[in-house]
$ cat work.txt   # compact mmCIF, C-alpha atoms
# COMPACT_ATOMS: atom_id res chain seq x y z
CA MET A 1 36.17 -0.55 -6.95
CA ALA A 2 34.50 -2.22 -9.92
CA LEU A 3 31.41 -4.31 -9.23
CA GLN A 4 31.88 -8.06 -9.29
CA ASP A 5 29.20 -10.27 -10.80
CA PHE A 6 27.24 -12.54 -8.48
CA ASN A 7 25.92 -15.24 -10.82
CA ILE A 8 22.77 -17.12 -9.89
CA LEU A 9 22.69 -20.40 -11.84
CA LEU A 10 19.15 -21.38 -12.79
CA TYR A 11 17.77 -24.53 -14.44
CA GLU A 12 14.29 -25.99 -15.00
CA GLU A 13 12.52 -27.02 -11.77
CA PHE A 14 14.87 -25.19 -9.41
CA GLU A 15 13.43 -24.42 -5.96
CA ILE A 16 12.39 -20.77 -5.80
CA LEU A 17 13.51 -19.84 -2.28
CA ASP A 18 16.86 -21.65 -2.68
CA ALA A 19 17.76 -19.04 -5.28
CA PHE A 20 15.88 -15.93 -4.17
CA GLY A 21 16.50 -16.11 -0.42
CA PRO A 22 20.24 -15.54 -0.96
CA VAL A 23 19.46 -13.04 -3.75
CA GLU A 24 17.51 -10.91 -1.22
CA VAL A 25 20.62 -10.86 1.02
CA ILE A 26 23.18 -10.25 -1.74
CA GLY A 27 20.93 -7.57 -3.27
CA GLU A 28 21.82 -5.39 -0.27
CA LEU A 29 25.49 -5.36 -1.35
CA LYS A 30 24.98 -3.09 -4.35
CA GLU A 31 28.37 -1.46 -3.71
CA HIS A 32 30.09 -4.83 -4.25
CA TYR A 33 28.00 -7.04 -6.51
CA ARG A 34 25.90 -6.99 -9.67
CA ILE A 35 23.43 -9.87 -9.63
CA ARG A 36 23.08 -11.86 -12.88
CA PHE A 37 20.74 -14.77 -13.56
CA VAL A 38 22.38 -17.35 -15.81
CA SER A 39 21.52 -20.73 -17.34
CA GLN A 40 23.15 -23.13 -19.76
CA ASN A 41 21.30 -21.85 -22.83
CA GLY A 42 19.87 -18.54 -21.60
CA GLY A 43 16.25 -17.39 -21.99
CA PRO A 44 13.38 -18.04 -19.59
CA VAL A 45 13.87 -20.72 -16.93
CA THR A 46 10.86 -21.95 -14.96
CA CYS A 47 11.15 -22.95 -11.31
CA LYS A 48 9.13 -25.64 -9.57
CA GLN A 49 6.73 -22.92 -8.36
CA GLN A 50 6.04 -21.83 -11.98
CA ALA A 51 7.79 -18.46 -12.04
CA ALA A 52 9.64 -17.98 -15.35
CA ILE A 53 12.85 -15.95 -14.93
CA ASP A 54 14.86 -14.45 -17.77
CA THR A 55 18.50 -15.61 -17.88
CA LEU A 56 21.76 -15.02 -19.74
CA PRO A 57 23.46 -18.03 -21.37
CA PHE A 58 26.71 -19.36 -19.85
CA GLY A 59 28.54 -17.95 -22.88
CA GLU A 60 27.62 -14.37 -21.95
CA MET A 61 28.41 -14.51 -18.23
CA ASP A 62 31.57 -13.29 -16.54
CA SER A 63 32.93 -16.46 -14.99
CA SER A 64 35.17 -14.49 -12.61
CA GLY A 65 32.06 -13.70 -10.58
CA VAL A 66 30.77 -15.50 -7.49
CA LEU A 67 28.56 -18.51 -8.34
CA LEU A 68 25.39 -19.61 -6.51
CA ILE A 69 23.78 -23.01 -7.25
CA PRO A 70 20.27 -23.51 -5.84
CA GLY A 71 18.71 -26.94 -5.32
CA GLY A 72 15.44 -28.47 -6.39
CA TYR A 73 13.97 -31.47 -8.17
CA GLY A 74 15.60 -30.27 -11.37
CA THR A 75 18.97 -31.37 -9.99
CA ARG A 76 18.14 -35.03 -10.69
CA PRO A 77 18.39 -34.81 -14.51
CA LEU A 78 21.06 -32.09 -14.25
CA VAL A 79 23.72 -34.30 -12.67
CA GLU A 80 23.32 -36.75 -15.59
CA ASP A 81 23.84 -34.03 -18.22
CA VAL A 82 27.51 -34.48 -19.17
CA GLU A 83 27.76 -31.27 -21.22
CA PHE A 84 26.23 -29.23 -18.42
CA MET A 85 28.44 -30.80 -15.76
CA THR A 86 31.61 -30.21 -17.78
CA HIS A 87 30.70 -26.56 -18.21
CA LEU A 88 29.72 -26.22 -14.55
CA ARG A 89 33.06 -27.60 -13.40
CA SER A 90 34.97 -24.95 -15.33
CA LEU A 91 32.64 -22.21 -14.04
CA ALA A 92 33.07 -23.38 -10.44
CA GLU A 93 36.85 -23.56 -10.85
CA ALA A 94 36.92 -20.00 -12.20
CA ALA A 95 34.68 -18.55 -9.47
CA PRO A 96 36.31 -16.93 -6.42
CA TYR A 97 33.48 -18.36 -4.27
CA VAL A 98 30.87 -21.01 -4.96
CA LEU A 99 27.72 -21.17 -2.80
CA THR A 100 25.23 -24.02 -2.95
CA VAL A 101 21.81 -24.42 -1.34
CA CYS A 102 20.02 -27.69 -0.62
CA SER A 103 20.54 -30.28 -3.38
CA GLY A 104 22.61 -27.70 -5.27
CA SER A 105 25.38 -29.25 -3.15
CA ALA A 106 24.86 -32.56 -4.97
CA VAL A 107 25.35 -30.85 -8.33
CA LEU A 108 28.62 -29.28 -7.18
CA ALA A 109 29.71 -32.57 -5.58
CA ARG A 110 29.27 -34.32 -8.92
CA THR A 111 32.05 -32.11 -10.38
CA HIS A 112 34.45 -33.67 -7.80
CA LEU A 113 35.48 -30.17 -6.68
CA LEU A 114 34.18 -30.97 -3.17
CA ASP A 115 36.22 -34.20 -2.88
CA GLY A 116 38.00 -34.29 0.48
CA ARG A 117 36.11 -31.20 1.65
CA LYS A 118 33.41 -30.72 4.28
CA ALA A 119 29.97 -29.93 2.87
CA THR A 120 26.28 -30.21 3.71
CA SER A 121 22.89 -30.35 1.98
CA ASN A 122 19.18 -30.68 2.74
CA LYS A 123 18.15 -33.38 5.12
CA LEU A 124 15.17 -34.89 3.26
CA SER A 125 17.34 -36.05 0.34
CA PHE A 126 20.66 -36.46 2.13
CA ALA A 127 21.05 -40.14 1.18
CA TRP A 128 20.78 -39.32 -2.55
CA VAL A 129 23.05 -36.28 -2.19
CA MET A 130 25.80 -38.42 -0.64
CA THR A 131 25.78 -40.76 -3.64
CA GLN A 132 26.68 -37.78 -5.85
CA GLY A 133 30.01 -37.26 -4.10
CA GLU A 134 31.36 -40.29 -2.28
CA GLN A 135 34.68 -38.56 -1.53
CA VAL A 136 32.99 -35.57 0.13
CA ASP A 137 33.13 -35.27 3.91
CA TRP A 138 29.36 -34.81 4.27
CA GLN A 139 28.19 -33.07 7.45
CA LYS A 140 24.81 -34.35 8.58
CA LYS A 141 24.42 -31.72 11.26
CA ALA A 142 25.15 -28.22 9.98
CA ARG A 143 23.05 -25.23 8.95
CA TRP A 144 25.83 -24.38 6.51
CA VAL A 145 29.51 -25.26 6.01
CA LYS A 146 32.43 -23.23 4.66
CA ASP A 147 35.46 -25.10 3.33
CA GLY A 148 37.90 -22.98 1.37
CA LYS A 149 36.02 -21.06 -1.30
CA TYR A 150 32.99 -23.37 -1.03
CA TYR A 151 29.91 -22.57 1.02
CA THR A 152 27.23 -25.28 1.16
CA SER A 153 23.94 -25.07 3.02
CA SER A 154 21.10 -27.24 4.28
CA GLY A 155 17.62 -27.13 2.78
CA VAL A 156 15.84 -24.17 1.21
CA SER A 157 15.68 -21.48 3.92
CA ALA A 158 19.16 -22.38 5.22
CA GLY A 159 20.47 -20.62 2.12
CA ILE A 160 19.45 -17.29 3.66
CA ASP A 161 21.46 -18.07 6.80
CA MET A 162 24.45 -19.14 4.71
CA ALA A 163 24.27 -15.99 2.57
CA LEU A 164 24.31 -13.89 5.75
CA GLY A 165 27.31 -15.96 6.95
CA PHE A 166 29.06 -15.23 3.64
CA VAL A 167 28.36 -11.50 4.08
CA SER A 168 29.66 -11.63 7.66
CA ASP A 169 32.88 -13.42 6.60
CA ARG A 170 33.55 -11.06 3.70
CA PHE A 171 32.22 -7.71 4.87
CA GLY A 172 31.87 -8.01 8.64
CA GLU A 173 29.16 -9.04 11.05
CA GLU A 174 27.83 -5.49 11.32
CA LYS A 175 26.95 -5.50 7.63
CA ALA A 176 25.21 -8.87 8.00
CA MET A 177 23.21 -7.56 10.96
CA GLN A 178 22.20 -4.43 8.99
CA ILE A 179 20.78 -6.68 6.30
CA THR A 180 18.84 -8.80 8.82
CA LYS A 181 17.29 -5.60 10.16
CA TYR A 182 16.31 -4.50 6.65
CA MET A 183 14.81 -7.94 5.97
CA GLU A 184 13.30 -8.18 9.48
CA TYR A 185 14.91 -11.60 9.49
CA LEU A 186 15.82 -13.63 12.59
CA TRP A 187 19.17 -14.96 11.46
CA ASN A 188 20.08 -18.47 12.63
CA ARG A 189 23.68 -17.35 12.92
CA ASN A 190 25.20 -20.43 14.54
CA GLN A 191 26.10 -22.60 11.58
CA ASP A 192 26.46 -25.69 13.78
CA ASN A 193 22.93 -25.39 15.17
CA ASP A 194 20.85 -27.53 12.83
CA PRO A 195 17.43 -28.44 14.23
CA PHE A 196 16.65 -30.43 11.08
CA ALA A 197 19.67 -32.75 11.38
CA ILE A 198 18.90 -36.42 10.81
CA MET B 1 -11.96 -30.10 -5.84
CA ALA B 2 -10.89 -27.69 -8.56
CA LEU B 3 -7.67 -25.79 -8.00
CA GLN B 4 -8.05 -22.16 -6.97
CA ASP B 5 -5.66 -19.55 -8.35
CA PHE B 6 -3.21 -17.92 -5.98
CA ASN B 7 -2.32 -14.68 -7.75
CA ILE B 8 1.01 -13.01 -7.01
CA LEU B 9 0.76 -9.34 -8.01
CA LEU B 10 4.06 -8.03 -9.38
CA TYR B 11 5.15 -4.51 -10.38
CA GLU B 12 8.46 -2.87 -11.25
CA GLU B 13 10.89 -2.70 -8.29
CA PHE B 14 9.04 -5.14 -6.08
CA GLU B 15 11.15 -6.75 -3.31
CA ILE B 16 12.09 -10.27 -4.35
CA LEU B 17 11.71 -12.12 -1.04
CA ASP B 18 8.40 -10.38 -0.26
CA ALA B 19 6.92 -12.24 -3.20
CA PHE B 20 8.90 -15.48 -3.37
CA GLY B 21 9.07 -16.30 0.34
CA PRO B 22 5.29 -16.80 0.45
CA VAL B 23 5.41 -18.47 -2.99
CA GLU B 24 7.76 -21.12 -1.57
CA VAL B 25 5.18 -21.85 1.17
CA ILE B 26 2.10 -21.78 -1.07
CA GLY B 27 3.91 -23.91 -3.68
CA GLU B 28 3.59 -26.82 -1.24
CA LEU B 29 -0.22 -26.66 -1.51
CA LYS B 30 -0.40 -28.06 -5.04
CA GLU B 31 -3.62 -29.89 -4.17
CA HIS B 32 -5.33 -26.55 -3.44
CA TYR B 33 -3.69 -23.75 -5.41
CA ARG B 34 -2.30 -22.93 -8.84
CA ILE B 35 0.21 -20.07 -8.54
CA ARG B 36 -0.06 -17.30 -11.15
CA PHE B 37 2.16 -14.25 -11.51
CA VAL B 38 0.18 -11.21 -12.62
CA SER B 39 0.79 -7.53 -13.35
CA GLN B 40 -1.24 -4.61 -14.65
CA ASN B 41 -0.10 -4.99 -18.27
CA GLY B 42 1.46 -8.46 -18.26
CA GLY B 43 4.88 -9.37 -19.69
CA PRO B 44 8.20 -9.30 -17.85
CA VAL B 45 8.35 -7.43 -14.55
CA THR B 46 11.74 -6.67 -12.99
CA CYS B 47 12.23 -6.68 -9.22
CA LYS B 48 14.65 -4.49 -7.29
CA GLN B 49 17.16 -7.37 -7.36
CA GLN B 50 17.06 -7.44 -11.20
CA ALA B 51 15.24 -10.72 -11.79
CA ALA B 52 12.74 -10.37 -14.66
CA ILE B 53 9.63 -12.51 -14.13
CA ASP B 54 7.05 -13.28 -16.79
CA THR B 55 3.48 -12.24 -15.83
CA LEU B 56 -0.10 -12.40 -17.07
CA PRO B 57 -2.03 -9.13 -17.47
CA PHE B 58 -4.85 -8.32 -15.01
CA GLY B 59 -7.31 -8.95 -17.84
CA GLU B 60 -6.31 -12.62 -18.10
CA MET B 61 -6.31 -13.47 -14.41
CA ASP B 62 -9.07 -15.20 -12.48
CA SER B 63 -10.00 -12.59 -9.90
CA SER B 64 -11.76 -15.17 -7.72
CA GLY B 65 -8.31 -16.40 -6.65
CA VAL B 66 -6.35 -15.42 -3.53
CA LEU B 67 -4.29 -12.24 -4.00
CA LEU B 68 -0.79 -11.56 -2.64
CA ILE B 69 0.72 -8.05 -2.79
CA PRO B 70 4.46 -7.85 -2.04
CA GLY B 71 6.20 -4.64 -0.97
CA GLY B 72 9.23 -2.78 -2.25
CA TYR B 73 10.37 0.63 -3.44
CA GLY B 74 8.08 0.27 -6.43
CA THR B 75 5.09 0.87 -4.15
CA ARG B 76 5.87 4.60 -4.02
CA PRO B 77 4.83 5.38 -7.63
CA LEU B 78 2.19 2.61 -7.54
CA VAL B 79 -0.02 4.28 -4.92
CA GLU B 80 -0.16 7.41 -7.12
CA ASP B 81 -1.30 5.46 -10.19
CA VAL B 82 -5.06 6.04 -10.22
CA GLU B 83 -5.82 3.49 -12.94
CA PHE B 84 -3.80 0.81 -11.16
CA MET B 85 -5.37 1.57 -7.78
CA THR B 86 -8.91 1.44 -9.19
CA HIS B 87 -8.20 -1.93 -10.75
CA LEU B 88 -6.51 -3.20 -7.59
CA ARG B 89 -9.49 -2.26 -5.45
CA SER B 90 -11.83 -4.35 -7.57
CA LEU B 91 -9.37 -7.28 -7.57
CA ALA B 92 -9.01 -7.11 -3.78
CA GLU B 93 -12.79 -6.93 -3.35
CA ALA B 94 -13.22 -10.03 -5.52
CA ALA B 95 -10.51 -12.08 -3.79
CA PRO B 96 -11.51 -14.49 -1.01
CA TYR B 97 -8.27 -13.59 0.81
CA VAL B 98 -5.79 -10.78 0.31
CA LEU B 99 -2.26 -11.11 1.75
CA THR B 100 0.24 -8.25 1.83
CA VAL B 101 3.91 -8.19 2.75
CA CYS B 102 5.91 -5.17 3.93
CA SER B 103 4.90 -1.97 2.11
CA GLY B 104 2.42 -4.02 0.07
CA SER B 105 0.19 -3.16 3.05
CA ALA B 106 0.41 0.53 2.11
CA VAL B 107 -0.80 -0.24 -1.39
CA LEU B 108 -3.80 -2.15 -0.07
CA ALA B 109 -4.47 0.56 2.53
CA ARG B 110 -4.67 3.14 -0.24
CA THR B 111 -7.76 1.32 -1.64
CA HIS B 112 -9.53 2.08 1.71
CA LEU B 113 -10.39 -1.62 2.06
CA LEU B 114 -8.38 -1.73 5.30
CA ASP B 115 -10.23 1.23 6.84
CA GLY B 116 -11.27 0.38 10.40
CA ARG B 117 -9.26 -2.85 10.29
CA LYS B 118 -6.09 -3.92 12.09
CA ALA B 119 -3.03 -4.21 9.85
CA THR B 120 0.76 -4.06 9.96
CA SER B 121 3.70 -3.37 7.66
CA ASN B 122 7.49 -3.16 7.71
CA LYS B 123 9.07 -1.15 10.43
CA LEU B 124 11.64 0.89 8.47
CA SER B 125 8.97 2.71 6.48
CA PHE B 126 6.10 2.54 8.95
CA ALA B 127 5.62 6.31 9.11
CA TRP B 128 5.09 6.52 5.33
CA VAL B 129 2.87 3.44 5.33
CA MET B 130 0.57 5.02 7.93
CA THR B 131 0.01 8.06 5.71
CA GLN B 132 -1.41 5.75 3.02
CA GLY B 133 -4.32 4.66 5.24
CA GLU B 134 -5.18 7.10 8.01
CA GLN B 135 -8.33 5.15 8.95
CA VAL B 136 -6.41 1.88 9.39
CA ASP B 137 -5.78 0.58 12.91
CA TRP B 138 -2.01 0.14 12.33
CA GLN B 139 -0.27 -2.34 14.62
CA LYS B 140 3.31 -1.30 15.32
CA LYS B 141 4.18 -4.53 17.08
CA ALA B 142 3.10 -7.60 15.12
CA ARG B 143 4.85 -10.15 12.91
CA TRP B 144 1.61 -10.41 10.98
CA VAL B 145 -2.07 -9.53 11.48
CA LYS B 146 -5.27 -11.22 10.28
CA ASP B 147 -8.46 -9.15 10.15
CA GLY B 148 -11.31 -10.76 8.24
CA LYS B 149 -10.06 -11.85 4.84
CA TYR B 150 -6.98 -9.60 5.06
CA TYR B 151 -3.55 -10.82 6.16
CA THR B 152 -0.86 -8.16 6.45
CA SER B 153 2.75 -8.76 7.47
CA SER B 154 5.84 -6.93 8.64
CA GLY B 155 8.94 -6.54 6.51
CA VAL B 156 10.27 -8.93 3.86
CA SER B 157 10.91 -12.23 5.69
CA ALA B 158 7.80 -11.81 7.85
CA GLY B 159 5.83 -12.72 4.74
CA ILE B 160 7.06 -16.31 5.11
CA ASP B 161 5.77 -16.44 8.70
CA MET B 162 2.42 -14.95 7.62
CA ALA B 163 2.08 -17.42 4.74
CA LEU B 164 2.63 -20.28 7.18
CA GLY B 165 0.02 -18.69 9.47
CA PHE B 166 -2.40 -18.57 6.53
CA VAL B 167 -1.74 -22.26 5.83
CA SER B 168 -2.26 -23.11 9.49
CA ASP B 169 -5.57 -21.19 9.63
CA ARG B 170 -6.88 -22.73 6.41
CA PHE B 171 -5.45 -26.25 6.35
CA GLY B 172 -4.31 -26.92 9.92
CA GLU B 173 -1.14 -26.49 11.91
CA GLU B 174 0.12 -29.95 10.95
CA LYS B 175 0.22 -28.94 7.28
CA ALA B 176 2.09 -25.74 8.17
CA MET B 177 4.62 -27.73 10.20
CA GLN B 178 5.11 -30.19 7.32
CA ILE B 179 6.01 -27.27 5.09
CA THR B 180 8.48 -25.84 7.61
CA LYS B 181 10.20 -29.24 7.71
CA TYR B 182 10.40 -29.35 3.91
CA MET B 183 11.81 -25.81 3.87
CA GLU B 184 14.02 -26.46 6.93
CA TYR B 185 12.55 -23.20 8.18
CA LEU B 186 12.36 -22.09 11.80
CA TRP B 187 8.89 -20.59 11.78
CA ASN B 188 8.32 -17.55 14.00
CA ARG B 189 4.84 -18.79 14.70
CA ASN B 190 3.77 -16.31 17.37
CA GLN B 191 2.33 -13.47 15.34
CA ASP B 192 2.54 -11.07 18.30
CA ASN B 193 6.27 -11.62 18.82
CA ASP B 194 7.87 -8.89 16.73
CA PRO B 195 11.54 -8.29 17.58
CA PHE B 196 11.72 -5.52 14.96
CA ALA B 197 8.88 -3.45 16.49
CA ILE B 198 9.60 0.25 16.74
$ encode --input "work.txt" --output "structure tokens"
Amino acid sequence: MALQDFNILLYEEFEILDAFGPVEVIGELKEHYRIRFVSQNGGPVTCKQQAAIDTLPFGEMDSSGVLLIPGGYGTRPLVEDVEFMTHLRSLAEAAPYVLTVCSGSAVLARTHLLDGRKATSNKLSFAWVMTQGEQVDWQKKARWVKDGKYYTSSGVSAGIDMALGFVSDRFGEEKAMQITKYMEYLWNRNQDNDPFAI
Amino acid sequence: MALQDFNILLYEEFEILDAFGPVEVIGELKEHYRIRFVSQNGGPVTCKQQAAIDTLPFGEMDSSGVLLIPGGYGTRPLVEDVEFMTHLRSLAEAAPYVLTVCSGSAVLARTHLLDGRKATSNKLSFAWVMTQGEQVDWQKKARWVKDGKYYTSSGVSAGIDMALGFVSDRFGEEKAMQITKYMEYLWNRNQDNDPFAI
């Protein structure tokens, strides 16, 4: 079977663990996915924690791949960028699965693709996130939520739990557990158990 | 107080979460640390998961900063690189604290600076790690270990727990707990509780 792309969407001031926690998990699926780091214009993108990551521009990515949208302070200007949001909507429509972490959920919500669907986000900025998608059925107590092809997670480290949930749904729980052993990670596997709920 | 550098040592084929889990934690100490990504020769360094990160060369780093050494498959050639190991030993000697994650502990052990000290590493390659420091008092059951200025952790995600332990030791448990809330992270705060022990 040909490898499918797993596209990690980066932008200035993204939150480092939102992106690279799930990347650690998905990196163990080398037989299924090729990880690509993408951004609107390509080139180096700097996260809040000052790491500069090389990216491909949207124009060079395979939009039939899975799409992951991390959160971070950089989401605030992003949701006001009409050109970016228009492009993101078409990328999210084309993707077989879209995963968001933390305030990455707000960015996806702004495309209206989550309207009428259940979704969650990080708890410290939940009020702002909700204003980005008033037709979304926001879940205040959830580690992560799956609704159709959309996976949305709570803040930062919850993205790791969601990525393991995605692996379990797609490739079986045994595969997910193998990855937790490799990562020596204590998976919070009950998606309804959210100790940070507000 | 002037900011101190917190130097993240990168090399080809490092494990992404080993480095960026702790970076997420340390990134919340902006009033204390400036994070720098460094490598032997500088320029882009590519991790196992194919992210290329821009780095400063050893020659441009402030060696009085804290030093973090992640693990990964890339440690295997690294410990045989005499020039690198000589340089690393002097960097580790100069650093006020040295933190290692996963097989990053093997790299530090190879400098002999851990001789006679307690240390740990990831469980899936523990046998190999032990051969890199035969005078080290290796701890097979530990999430992380502190001995003097050296913090060593178990595999991959254990680096996040160790980084929070470092924050707690240096800046108080309340600060560590604030960071876990920001990250929505369930900290495995008992360093002796190691469910992945062999």
$ atom_distance --input "work.txt" --atom1 "CA of Phe14 in chain A" --atom2 "CA of Tyr11 in chain B"
22.9 Å
$ residues_around --input "work.txt" --residues "range 89-93 of chain A" --least-positions-apart "2" --cutoff "7 Å" --atoms "all atoms listed in the file" --output "short mmCIF file (atom, residue, chain, number, x, y, z; two decimals) with C-alpha atoms, in the frame of the given file"
data_model
loop_
_atom_site.label_atom_id
_atom_site.label_comp_id
_atom_site.auth_asym_id
_atom_site.auth_seq_id
_atom_site.Cartn_x
_atom_site.Cartn_y
_atom_site.Cartn_z
CA SER A 63 32.93 -16.46 -14.99
CA LEU A 67 28.56 -18.51 -8.34
CA MET A 85 28.44 -30.80 -15.76
CA THR A 86 31.61 -30.21 -17.78
CA HIS A 87 30.70 -26.56 -18.21
CA ALA A 95 34.68 -18.55 -9.47
CA VAL A 98 30.87 -21.01 -4.96
CA THR A 111 32.05 -32.11 -10.38
#
$ residues_around --input "work.txt" --residues "Pro70 in chain B" --least-positions-apart "4" --cutoff "10 Å" --atoms "only C-alpha atoms" --output "number ranges by chain"
B: 8-11, 14-22, 74-75, 99-105, 107, 153, 155-156, 159
$ write_last_selection --input "work.txt" --atoms "C-alpha atoms" --output "mmCIF file, in the coordinates of the input"
data_model
loop_
_atom_site.group_PDB
_atom_site.id
_atom_site.type_symbol
_atom_site.label_atom_id
_atom_site.label_comp_id
_atom_site.auth_asym_id
_atom_site.auth_seq_id
_atom_site.Cartn_x
_atom_site.Cartn_y
_atom_site.Cartn_z
ATOM 1 C CA ILE B 8 1.010 -13.010 -7.010
ATOM 2 C CA LEU B 9 0.760 -9.340 -8.010
ATOM 3 C CA LEU B 10 4.060 -8.030 -9.380
ATOM 4 C CA TYR B 11 5.150 -4.510 -10.380
ATOM 5 C CA PHE B 14 9.040 -5.140 -6.080
ATOM 6 C CA GLU B 15 11.150 -6.750 -3.310
ATOM 7 C CA ILE B 16 12.090 -10.270 -4.350
ATOM 8 C CA LEU B 17 11.710 -12.120 -1.040
ATOM 9 C CA ASP B 18 8.400 -10.380 -0.260
ATOM 10 C CA ALA B 19 6.920 -12.240 -3.200
ATOM 11 C CA PHE B 20 8.900 -15.480 -3.370
ATOM 12 C CA GLY B 21 9.070 -16.300 0.340
ATOM 13 C CA PRO B 22 5.290 -16.800 0.450
ATOM 14 C CA GLY B 74 8.080 0.270 -6.430
ATOM 15 C CA THR B 75 5.090 0.870 -4.150
ATOM 16 C CA LEU B 99 -2.260 -11.110 1.750
ATOM 17 C CA THR B 100 0.240 -8.250 1.830
ATOM 18 C CA VAL B 101 3.910 -8.190 2.750
ATOM 19 C CA CYS B 102 5.910 -5.170 3.930
ATOM 20 C CA SER B 103 4.900 -1.970 2.110
ATOM 21 C CA GLY B 104 2.420 -4.020 0.070
ATOM 22 C CA SER B 105 0.190 -3.160 3.050
ATOM 23 C CA VAL B 107 -0.800 -0.240 -1.390
ATOM 24 C CA SER B 153 2.750 -8.760 7.470
ATOM 25 C CA GLY B 155 8.940 -6.540 6.510
ATOM 26 C CA VAL B 156 10.270 -8.930 3.860
ATOM 27 C CA GLY B 159 5.830 -12.720 4.740
#
$ atom_distance --input "work.txt" --atom1 "CA of Lys123 in chain B" --atom2 "CA of Pro77 in chain B"
19.7 Å
$ residues_around --input "work.txt" --residues "range 42-57 of chain B" --least-positions-apart "5" --cutoff "10 Å" --atoms "only C-alpha atoms" --output "PyMOL selection string"
(chain A and resi 20+23-28+30+34-37+44-46+50-55) or (chain B and resi 7-17+19+36-37+72-74)
$ residues_around --input "work.txt" --residues "Lys146 in chain B" --least-positions-apart "5" --cutoff "8 Å" --atoms "only C-alpha atoms" --output "ChimeraX atom specification"
/B:118-119,151-152
$ closest_residue --input "work.txt" --among "A:Arg117, A:Arg170, A:Lys149, A:Arg143" --to "chain B" --atoms "all atoms listed in the file"
A:Arg143
$ atom_distance --input "work.txt" --atom1 "CA of Asp147 in chain A" --atom2 "CA of His32 in chain A"
22.3 Å
$ residues_around --input "work.txt" --residues "range 137-142 of chain A" --least-positions-apart "2" --cutoff "9 Å" --atoms "only C-alpha atoms" --output "PyMOL selection string"
chain A and resi 114-123+126+130+133-135+144-145+153-154+191-198
$ closest_residue --input "work.txt" --among "A:Ser64, A:Ser157, A:Asn41, A:Thr131" --to "Arg76 in chain A" --atoms "only C-alpha atoms"
A:Thr131
$ closest_residue --input "work.txt" --among "B:Met162, B:Val82, B:Leu88, B:Val129" --to "Phe58 in chain B" --atoms "only C-alpha atoms"
B:Leu88
$ build_atoms --input "work.txt" --residues "range 132-136 of chain B" --atoms "all heavy atoms" --output "mmCIF file, in the coordinates of the input"
data_model
loop_
_atom_site.group_PDB
_atom_site.id
_atom_site.type_symbol
_atom_site.label_atom_id
_atom_site.label_comp_id
_atom_site.auth_asym_id
_atom_site.auth_seq_id
_atom_site.Cartn_x
_atom_site.Cartn_y
_atom_site.Cartn_z
ATOM 1 N N GLN B 132 -0.648 6.296 4.153
ATOM 2 C CA GLN B 132 -1.410 5.750 3.020
ATOM 3 C C GLN B 132 -2.777 5.202 3.439
ATOM 4 O O GLN B 132 -3.583 4.807 2.596
ATOM 5 C CB GLN B 132 -0.605 4.651 2.321
ATOM 6 C CG GLN B 132 0.736 5.123 1.771
ATOM 7 C CD GLN B 132 0.563 6.319 0.840
ATOM 8 O OE1 GLN B 132 -0.170 6.258 -0.129
ATOM 9 N NE2 GLN B 132 1.234 7.426 1.169
ATOM 10 N N GLY B 133 -3.019 5.159 4.759
ATOM 11 C CA GLY B 133 -4.320 4.660 5.240
ATOM 12 C C GLY B 133 -4.567 5.224 6.628
ATOM 13 O O GLY B 133 -4.309 4.540 7.624
ATOM 14 N N GLU B 134 -5.064 6.428 6.699
ATOM 15 C CA GLU B 134 -5.180 7.100 8.010
ATOM 16 C C GLU B 134 -6.325 6.527 8.843
ATOM 17 O O GLU B 134 -6.382 6.771 10.053
ATOM 18 C CB GLU B 134 -5.304 8.613 7.803
ATOM 19 C CG GLU B 134 -4.005 9.168 7.219
ATOM 20 C CD GLU B 134 -3.978 10.685 7.042
ATOM 21 O OE1 GLU B 134 -5.052 11.305 7.192
ATOM 22 O OE2 GLU B 134 -2.884 11.225 6.756
ATOM 23 N N GLN B 135 -7.223 5.769 8.208
ATOM 24 C CA GLN B 135 -8.330 5.150 8.950
ATOM 25 C C GLN B 135 -8.020 3.696 9.337
ATOM 26 O O GLN B 135 -8.885 2.993 9.864
ATOM 27 C CB GLN B 135 -9.619 5.174 8.107
ATOM 28 C CG GLN B 135 -10.002 6.544 7.580
ATOM 29 C CD GLN B 135 -10.160 7.569 8.703
ATOM 30 O OE1 GLN B 135 -10.767 7.289 9.726
ATOM 31 N NE2 GLN B 135 -9.565 8.740 8.518
ATOM 32 N N VAL B 136 -6.793 3.257 9.052
ATOM 33 C CA VAL B 136 -6.410 1.880 9.390
ATOM 34 C C VAL B 136 -5.919 1.833 10.837
ATOM 35 O O VAL B 136 -5.277 2.766 11.312
ATOM 36 C CB VAL B 136 -5.294 1.377 8.430
ATOM 37 C CG1 VAL B 136 -4.875 -0.054 8.769
ATOM 38 C CG2 VAL B 136 -5.748 1.476 6.971
#
